[in-house]
Amino acid sequence: PAERISAFDVSSSTLKQVSQMNEGVVAADSIPELVHDADLIVCAVKPQNLDASFYQELKSGNNIRPDATLLSIVAGKPIQSFLEGGSPQLTKVARSMPNTPAQIGKGVTVWTCTPNITTDERDRIKQILSCCGKTIFVDDENFIDMSTSISGSGPAYIFMLMEAMIDAGVHMGFSRDTAQTLVHHTLLGSTLYAMETGEHPAILRNSVTSPAGTTASAMYELENGKFRTVIKDAVWACYRRSLEMGGHDSNVGPGRVSMPFPAPPLSSSLPPPPTHHFVEAPTGEMEIEENLDDSNDEKTTR
């Protein structure tokens with residue numbers, strides 16, 4: 001029931017809006033008041049708001065239950081930051097990375113948690129996250145930073161592609177409404193088709209591309225413009241930034257010089273060292289979880 005839910009925001013207008021949109025939710029005056037006797041604490045703020053004052057307020061909440069679980073929905077902030085910066089009573093922490101479509105229940109959330117969280121508590125967290133769409137549980141927290149670069153920030157990449165295609169349609173002569181409809185349904189239908197068929201994207205793309213046809217001409221321009229490389233570089237840049245925000249080494253991936261290869265002297269005519277820094281793959285299981293409204297989906301583990 002809503003009466004058992006409390007909310008707090010540094011912005012009084014935002015907090016008022018939340019209370020109005022969710023009748024019965026109790027508006028707390030401070031973080032200590034919010035976490036008092038709470039069994040589940042959801043931290044969903046911008047990473048820049050997790051400053052020293054935030055952790056100080058979290059520590060001052062002396063009435064935090066010893067069995068309380070903190071669910072973080074904060075980009076780039078590792079579990080350890082809450083264990084070290086928060087209250088000593090907070091030993092159970094889960095970290096998640098949803099994306100924008102979660103607002104309409106069509107998102108995908110990758111999450112993990114500390115080993116001391118029980119199976120029942122995990123099921124409860126999964127139930128909450130499933131309200132936002134698909135959920136994927138991972139054993140290794142490194143997958144969270146990786147997912148930030150694909151699913152977390154991914155909608156922005158799609159929106160930019162969407163924007164470019166719509167603008168091109170308007171430039172050709174379509175009304176903006178018509179161009180939007182064409183692009184929206186093209187992206188939606190293509191995604192659903194790919195999911196339904198299960199085919200590799202390259203096979204699907206090839207099936208649309210006739211020799212010397214219109215699509216082939218478009219593909220030539222995309223390849224000539226290094227479309228794939230730009231997308232991959234964007235994903236790697238996002239991943240590196242997520243690592244930096246968590247205080248980790250971001251010297252990984254293409255364009256990063258591996259430490260075992262020292263740079264040659266400035267006067268040397270030798271070629272530069274390799275520009276691909278070794279990336280150690282995360283370990284552990286990754287489980288695509290079956291949500292309550294996805295009873296027909298197959299549950300897989302790899």
# chains A, B, ... in the order shown; residues from 1 in each chain; ligands from 1
call {"tool": "residues_around", "arguments": {"residues": "region 128-135 of chain A", "least_positions_apart": "5", "cutoff": "6 Å", "atoms": "only C-alpha atoms", "output": "number ranges by chain"}}
result
A: 102, 105-110, 289
call {"tool": "atom_distance", "arguments": {"atom1": "CA of Met160 (chain A)", "atom2": "CA of Ile203 (chain A)"}}
result
24.4 Å
call {"tool": "select_by_dssp", "arguments": {"residues": "region 35-212 of chain A", "states": "strand (DSSP E)", "output": "list in words"}}
result
Leu40, Ile41, Val42, Cys43, Thr69, Leu70, Leu71, Ser72, Lys92, Val93, Ala94, Arg95, Ser96, Met97, Gly107, Val108, Thr109, Val110, Trp111, Thr112, Cys113, Gly133, Lys134, Thr135, Ile136, Phe137 and Val138 of chain A
call {"tool": "atom_distance", "arguments": {"atom1": "CA of Pro101 (chain A)", "atom2": "CA of Gly154 (chain A)"}}
result
10.5 Å
call {"tool": "residues_around", "arguments": {"residues": "Tyr239 (chain A)", "least_positions_apart": "6", "cutoff": "12 Å", "atoms": "only C-alpha atoms", "output": "list in words"}}
result
Ala75, Gly76, Asn142, Phe143, Ile144, Asp145, Met146, Ser147, Thr148, Ser149, Ile150, Ser151, Gly152, Ser153, Gly154, Lys232, Asp233, Met245, Gly246, His248, Asp249, Ser250, Asn251, Val252, Gly253, Pro254 and Val279 of chain A
call {"tool": "write_last_selection", "arguments": {"atoms": "N, CA and C atoms", "output": "compact mmCIF listing (two decimals), in the first residue's frame"}}
result
# COMPACT_ATOMS: atom_id res chain seq x y z
N ALA A 75 23.92 5.75 -11.76
CA ALA A 75 24.92 5.40 -12.77
C ALA A 75 26.34 5.59 -12.24
N GLY A 76 27.18 4.60 -12.49
CA GLY A 76 28.61 4.73 -12.21
C GLY A 76 29.03 4.57 -10.77
N ASN A 142 30.98 -5.88 -12.66
CA ASN A 142 31.57 -5.24 -13.84
C ASN A 142 30.59 -5.19 -15.01
N PHE A 143 29.66 -6.14 -15.05
CA PHE A 143 28.66 -6.14 -16.11
C PHE A 143 27.76 -4.91 -16.03
N ILE A 144 27.62 -4.32 -14.84
CA ILE A 144 26.76 -3.16 -14.69
C ILE A 144 27.31 -1.97 -15.46
N ASP A 145 28.63 -1.73 -15.30
CA ASP A 145 29.25 -0.63 -16.05
C ASP A 145 29.19 -0.89 -17.55
N MET A 146 29.34 -2.15 -17.94
CA MET A 146 29.26 -2.49 -19.35
C MET A 146 27.85 -2.26 -19.90
N SER A 147 26.85 -2.64 -19.12
CA SER A 147 25.47 -2.47 -19.58
C SER A 147 25.07 -1.00 -19.65
N THR A 148 25.72 -0.17 -18.83
CA THR A 148 25.45 1.27 -18.89
C THR A 148 25.72 1.81 -20.29
N SER A 149 26.77 1.28 -20.93
CA SER A 149 27.16 1.78 -22.25
C SER A 149 26.28 1.26 -23.37
N ILE A 150 25.51 0.20 -23.12
CA ILE A 150 24.67 -0.37 -24.17
C ILE A 150 23.19 -0.10 -23.91
N SER A 151 22.68 -0.63 -22.82
CA SER A 151 21.25 -0.45 -22.55
C SER A 151 20.96 0.83 -21.77
N GLY A 152 21.86 1.19 -20.84
CA GLY A 152 21.61 2.37 -20.02
C GLY A 152 21.56 3.66 -20.83
N SER A 153 22.62 3.91 -21.60
CA SER A 153 22.69 5.11 -22.43
C SER A 153 22.20 4.85 -23.85
N GLY A 154 21.97 3.59 -24.18
CA GLY A 154 21.57 3.20 -25.53
C GLY A 154 20.38 3.96 -26.11
N LYS A 232 30.53 1.98 -32.17
CA LYS A 232 31.39 1.25 -31.23
C LYS A 232 32.20 2.20 -30.35
N ASP A 233 32.73 3.27 -30.96
CA ASP A 233 33.51 4.24 -30.18
C ASP A 233 32.64 4.93 -29.13
N MET A 245 33.51 7.35 -13.25
CA MET A 245 32.58 7.83 -12.23
C MET A 245 32.59 6.94 -11.00
N GLY A 246 33.00 5.67 -11.19
CA GLY A 246 33.09 4.75 -10.06
C GLY A 246 34.47 4.69 -9.46
N HIS A 248 37.28 3.88 -11.06
CA HIS A 248 38.07 2.77 -11.61
C HIS A 248 38.93 3.24 -12.78
N ASP A 249 39.90 2.41 -13.14
CA ASP A 249 40.77 2.70 -14.28
C ASP A 249 39.96 2.58 -15.57
N SER A 250 39.99 3.62 -16.38
CA SER A 250 39.22 3.63 -17.63
C SER A 250 40.11 3.43 -18.85
N ASN A 251 41.34 3.04 -18.62
CA ASN A 251 42.29 2.85 -19.73
C ASN A 251 42.07 1.48 -20.37
N VAL A 252 40.90 1.30 -20.98
CA VAL A 252 40.53 0.02 -21.57
C VAL A 252 39.96 0.22 -22.97
N GLY A 253 40.08 -0.82 -23.77
CA GLY A 253 39.44 -0.82 -25.07
C GLY A 253 40.24 -0.18 -26.19
N PRO A 254 39.66 -0.09 -27.38
CA PRO A 254 40.32 0.50 -28.54
C PRO A 254 40.77 1.93 -28.28
N VAL A 279 41.29 -6.05 -22.25
CA VAL A 279 40.11 -5.96 -21.40
C VAL A 279 39.81 -7.33 -20.82
call {"tool": "closest_residue", "arguments": {"among": "A:Asn99, A:Thr91, A:Ser12, A:Gln180", "to": "Ala164 (chain A)", "atoms": "only C-alpha atoms"}}
result
A:Gln180
call {"tool": "closest_residue", "arguments": {"among": "A:Ser242, A:Glu57, A:Gln80, A:Gln127", "to": "Ser30 (chain A)", "atoms": "only C-alpha atoms"}}
result
A:Glu57
